[in-house]
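Undergrad: One structure follows; several queries about it will come next.
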Amino acid sequence: LILILDYGSQYTHLITRRIRSLSVFSLCISGTAPLKSITDLNPSVIILSGGPHSVHEPHAPSFPDGFIEYVESKGVFVLGICYGLQLIVQRLGGEVRVGEKQEYGRMEIEVVRDCGLFGYRGIGDREVVWMSHGDEAVRLPDGFEVVARSQQGAVAAVENRARRFYGLQYHPEVTHSPQGMETLQYFLFDVCGVTAGWKMEDVLDEEIKVIKGMVGPEDHVICALSGGVDSTVAATLVHKAIGERLHCVFVDNGLLRYKERERVMKTFERDLHLPVTCVDATEQFLSNLKGVVDPEVKRKIIGKEFISIFDAFAQDLEHKLGKRPGYLVQGTLYPDVIESCPPPGSGRSHSHTIKSHHNVGGLPKDMKLKLIEPLKLLFKDEVRELGRILEVPVAFLKRHPFPGPGLAVRVLGDVTEGNALEILRQVDEIFIQSIKDAGIYDSIWQAFAVFLPIKSVGVQGDQRTHSHVVALRAVTSQDGMTADWYNFEHKFLDDVARKICNSVRGVNRVVQDITSKPPSTIEWE
Ligand code: XMP
């Protein structure tokens with residue numbers, strides 16, 4: 001296992017992904033996790049991520065006491081990236097100073113001695129890398145050597161081969177460091193002697209084993225199916241592990257898209273052969289959301305309502321089976337976990353939780369059902385791959401993600417006001433259908449419409465109108481952690497906007513969202 005300790009860099013998850021793409025399993029935990037969390041995982045390599053802090057800040061996040069002794073006694077290789085390098089230097093007795101030479105962006109570095117890190121290169125070799133640091137290592141701990149320097153002469157890479165400590169001042173994980181992957185690959189395979197071999201088939205076997213071990217032979221499990229990729233793959237996997245003792249429920253919370261319930265139920269029966277009960281809870285959800293405008297409050301309410309429905313479903317099953325199901329399957333993904341639980345002491349924790357994904361942050365503490373989250377360590381594209389192995393129909397795997405809180409986070413403000421939900425459903429359907437007709441659905445990570453709680457003046461059929469504004473959002477992304485807005489052809493946008501205003505009553509203006517993530521998030525709430 002390659003363990004990444006997260007100190008809050010926006011690129012940390014990329015390190016995890018890059019290493020997994022080399023068929024090596026990697027996991028990321030908070031950089032301030034206690035020593036036991038690290039030793040329990042028994043990593044062969046530990047990577048300390050970058051972060052927005054300076055090691056001189058009074059409460060600068062750091063690895064726990066005993067960390068150095070642990071890695072040295074076990075022979076664990078340690079690589080510090082950016083802030084991670086500075087932590088190593090400072091904690092091992094060197095000196096880090098607020099840099100005279102702040103370095104941001106593309107930069108050239110030069111290998112200055114024979115070394116382990118750049119063993120595939122020669123002295124004098126140069127490469128372009130992505131730097132982003134203010135502080136600088138000015139004196140190295142005993143036994144450490146500078147192995148590469150930046151154009152400005154600053155320390156770009158260090159190592160202490162005997163003690164197995166390495167450090168890169170730049171970010172090898174970003175694509176702006178074109179040879180970064182090669183460096184990571186060489187470090188893992190040649191320097192640390194890691195062997196590749198992590199496959200999605202292994203994940204499947206492992207998860208099935210874990211679920212079988214967790215759920216007793218008499219226990220029953222319930223699963224909330226949303227019709228999306230994650231819950232479908234999670235349900236199929238659990239079904240493979242425990243068969244008929246899995247009971248699926250599909251909740252119509254009144255926040256679904258146009259004809260979603262009918263469409264999804266039909267596909268479950270026809271293509272998936274999973275037993276699914278449909279519960280109509282529209283009234284329950286919408287009455288609890290009435291008057292609520294705060295996005296986080298909405299998310300928490302929805303999470304709570306879902307759980308109360310699952311509890312009721314479990315109770316019904318108890319009557320039927322004579323035993324109450326004790327487990328709930330959720331399709332929680334790794335990005336949900338990362339974004340809902342930023343590491344303490346990291347920049348992200350200071351800037352608050354970004355969103356409480358209803359299946360992570362929004363669960364009530366007194367929930368009786370125990371959670372089974374077989375996808376908790378996977379990114380979306382990895383889940384799709386797992387789905388392919390499980391022979392989940394491609395139509396499911398290719399579906400755009402849809403958030404658990406549904407249209408509630410796409411109607412800004414009170415979702416129950418007027419006919420906002422109905423308008424949004426119609427607009428969204430026109431938009432998505434047009435995207436499918438244009439043959440570009442699969443090139444887009446996610447597309448949807450947003451209902452704005454404002455009205456604007458228009459003129460329709462020679463009459464002044466004062467109607468609603470809707471926004472169209474479409475993005476491309478690898479994993480939902482970062483995203484770019486999708487660049488439609490003007491003719492396409494023109495057709496869609498015209499169609500929406502001509503056929504959806506109550507809308508007289510269509511705008512397009514052209515922000516990436518960051519600074520925006522994909523959903524508007
Ligand atoms: P954001 O808006 O945070 O979204 O950039 C990233 C991805 O996550 C989806 N999303 C959710 N999925 N429960 C979910 O299951 C949620 O509460 C939730 N909120 C956002 C979003 O649609 C995008 O794909």
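Naming works like this for the structure tokens: A, B, ... for the chains as they're shown, residue 1 at the start of each chain, ligands 1 onward in shown order.
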Quick check for you: according to DSSP on this backbone, which residues of range 355-438 of chain A are classed as alpha helix (DSSP H)? Reply as a count of residues only.

TA: 32

Undergrad: Which residues are near Ser21 in chain A? Cut-off 12 Å, only C-alpha atoms, ignore same chain within fewer than 4 positions. Put them as an mmCIF file with N, CA and C atoms, in the first residue's frame.

TA:
```
data_model
loop_
_atom_site.group_PDB
_atom_site.id
_atom_site.type_symbol
_atom_site.label_atom_id
_atom_site.label_comp_id
_atom_site.auth_asym_id
_atom_site.auth_seq_id
_atom_site.Cartn_x
_atom_site.Cartn_y
_atom_site.Cartn_z
ATOM 1 N N LEU A 14 -5.017 13.856 -6.700
ATOM 2 C CA LEU A 14 -4.378 13.493 -7.974
ATOM 3 C C LEU A 14 -3.224 12.521 -7.757
ATOM 4 N N ILE A 15 -2.514 12.682 -6.633
ATOM 5 C CA ILE A 15 -1.392 11.768 -6.342
ATOM 6 C C ILE A 15 -1.984 10.358 -6.229
ATOM 7 N N THR A 16 -3.079 10.247 -5.471
ATOM 8 C CA THR A 16 -3.727 8.947 -5.290
ATOM 9 C C THR A 16 -4.106 8.342 -6.640
ATOM 10 N N ARG A 17 -4.726 9.167 -7.486
ATOM 11 C CA ARG A 17 -5.178 8.663 -8.791
ATOM 12 C C ARG A 17 -4.011 8.251 -9.687
ATOM 13 N N PHE A 25 -2.050 0.109 -5.479
ATOM 14 C CA PHE A 25 -3.112 0.646 -4.645
ATOM 15 C C PHE A 25 -2.587 1.757 -3.757
ATOM 16 N N SER A 26 -3.307 2.876 -3.736
ATOM 17 C CA SER A 26 -2.908 3.968 -2.864
ATOM 18 C C SER A 26 -4.127 4.521 -2.165
ATOM 19 N N GLU A 173 2.630 15.355 -9.689
ATOM 20 C CA GLU A 173 1.320 14.761 -9.973
ATOM 21 C C GLU A 173 0.482 15.546 -10.981
ATOM 22 N N MET A 181 5.018 12.070 -14.057
ATOM 23 C CA MET A 181 4.567 10.683 -13.961
ATOM 24 C C MET A 181 5.743 9.728 -14.013
ATOM 25 N N LEU A 184 7.477 9.756 -10.690
ATOM 26 C CA LEU A 184 6.740 8.980 -9.683
ATOM 27 C C LEU A 184 6.907 7.482 -9.931
ATOM 28 N N GLN A 185 6.784 7.141 -11.205
ATOM 29 C CA GLN A 185 6.893 5.733 -11.606
ATOM 30 C C GLN A 185 8.274 5.187 -11.247
ATOM 31 N N ALA A 196 3.743 -3.625 -9.316
ATOM 32 C CA ALA A 196 2.398 -3.278 -9.782
ATOM 33 C C ALA A 196 1.559 -4.553 -9.793
ATOM 34 N N GLY A 197 0.266 -4.425 -9.773
ATOM 35 C CA GLY A 197 -0.541 -5.627 -9.845
ATOM 36 C C GLY A 197 -1.927 -5.411 -9.264
ATOM 37 N N TRP A 198 -2.206 -4.184 -8.840
ATOM 38 C CA TRP A 198 -3.540 -3.908 -8.281
ATOM 39 C C TRP A 198 -4.545 -3.840 -9.435
ATOM 40 N N LYS A 199 -5.579 -4.676 -9.384
ATOM 41 C CA LYS A 199 -6.547 -4.712 -10.486
ATOM 42 C C LYS A 199 -7.946 -4.572 -9.911
ATOM 43 N N MET A 200 -8.853 -4.102 -10.751
ATOM 44 C CA MET A 200 -10.228 -3.942 -10.305
ATOM 45 C C MET A 200 -10.854 -5.292 -9.938
ATOM 46 N N PHE A 379 -12.747 6.043 -7.213
ATOM 47 C CA PHE A 379 -13.154 7.201 -7.988
ATOM 48 C C PHE A 379 -14.174 6.733 -9.030
ATOM 49 N N ASP A 381 -14.477 6.832 -12.289
ATOM 50 C CA ASP A 381 -14.082 6.033 -13.450
ATOM 51 C C ASP A 381 -13.721 4.611 -13.022
ATOM 52 N N GLU A 382 -13.238 4.461 -11.789
ATOM 53 C CA GLU A 382 -12.929 3.118 -11.278
ATOM 54 C C GLU A 382 -14.229 2.342 -11.017
#
```

Undergrad: Given only C-alpha atoms as the basis, pick out the residue of A:Gly80, A:Glu103, A:Glu127, A:Glu95 nearest to Tyr166 in chain A.

TA: A:Gly80

Undergrad: Could I get the residue neighbourhood of ligand 1 at 10 Å, counting only C-alpha atoms and all ligand atoms, as an MDAnalysis selection string?

TA: chainID A and resid 226 228 230:231 296 299:300 302:303 330:333 335:336 339:340 354:362 380 400:406 409:410 445:448 475 477 479:483 516:525

Undergrad: Which residues, written as a list in words, have at least one atom at most 12 Å from His273 in chain A, with only C-alpha atoms counted and residues fewer than 2 positions away on the same chain left out?

TA: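 After dropping sequence-adjacent residues, the list is Thr232, Ala235, Thr236, His239, Gly243, Glu244, Cys248, Met265, Lys266, Thr267, Phe268, Glu269, Arg270, Asp271, Pro275, Val276, Val392 and Pro393 of chain A.
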
Undergrad: Kindly export the residues of the current selection with C-alpha atoms, as a PDB file, in the first residue's frame.

TA:
```
ATOM      1  CA  THR A 232     -26.374   0.334  -9.173  1.00  0.00           C
ATOM      2  CA  ALA A 235     -26.129  -3.093  -5.275  1.00  0.00           C
ATOM      3  CA  THR A 236     -24.930  -5.493  -7.960  1.00  0.00           C
ATOM      4  CA  HIS A 239     -26.080  -8.949  -4.516  1.00  0.00           C
ATOM      5  CA  GLY A 243     -27.779 -12.913  -3.059  1.00  0.00           C
ATOM      6  CA  GLU A 244     -31.444 -12.812  -2.090  1.00  0.00           C
ATOM      7  CA  CYS A 248     -33.444  -2.767  -2.802  1.00  0.00           C
ATOM      8  CA  MET A 265     -38.003   1.172 -12.445  1.00  0.00           C
ATOM      9  CA  LYS A 266     -38.436  -0.223 -15.937  1.00  0.00           C
ATOM     10  CA  THR A 267     -34.697  -0.612 -16.440  1.00  0.00           C
ATOM     11  CA  PHE A 268     -34.174  -2.221 -13.033  1.00  0.00           C
ATOM     12  CA  GLU A 269     -36.687  -4.917 -13.886  1.00  0.00           C
ATOM     13  CA  ARG A 270     -35.704  -5.403 -17.498  1.00  0.00           C
ATOM     14  CA  ASP A 271     -31.906  -5.189 -17.361  1.00  0.00           C
ATOM     15  CA  PRO A 275     -35.628  -7.008  -6.654  1.00  0.00           C
ATOM     16  CA  VAL A 276     -36.657  -3.368  -6.144  1.00  0.00           C
ATOM     17  CA  VAL A 392     -23.845  -3.882 -15.352  1.00  0.00           C
ATOM     18  CA  PRO A 393     -25.475  -2.708 -18.610  1.00  0.00           C
TER      19      PRO A 393
END
```

Undergrad: Can you tell me how far CA of His176 in chain A sits from CA of Val129 in chain A, in Å to one decimal?

TA: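 Between these atoms lies a distance of 6.5 Å.
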
Undergrad: Neighbours of range 114-117 of chain A within 7 Å (only C-alpha atoms; same-chain residues fewer than 6 positions away dropped), as a VMD selection string?

TA: chain A and resid 123 147 187 191

Undergrad: Pick out each residue of range 83-170 of chain A that DSSP on the backbone tags as strand (DSSP E or B); I need them as a PyMOL selection string.

TA: chain A and resi 95-111+126-139+145-150+155-160+165-168

Undergrad: Provide the CA of Tyr334 in chain A to CA of Val411 in chain A distance in Å, to one decimal place.

TA: 26.2 Å
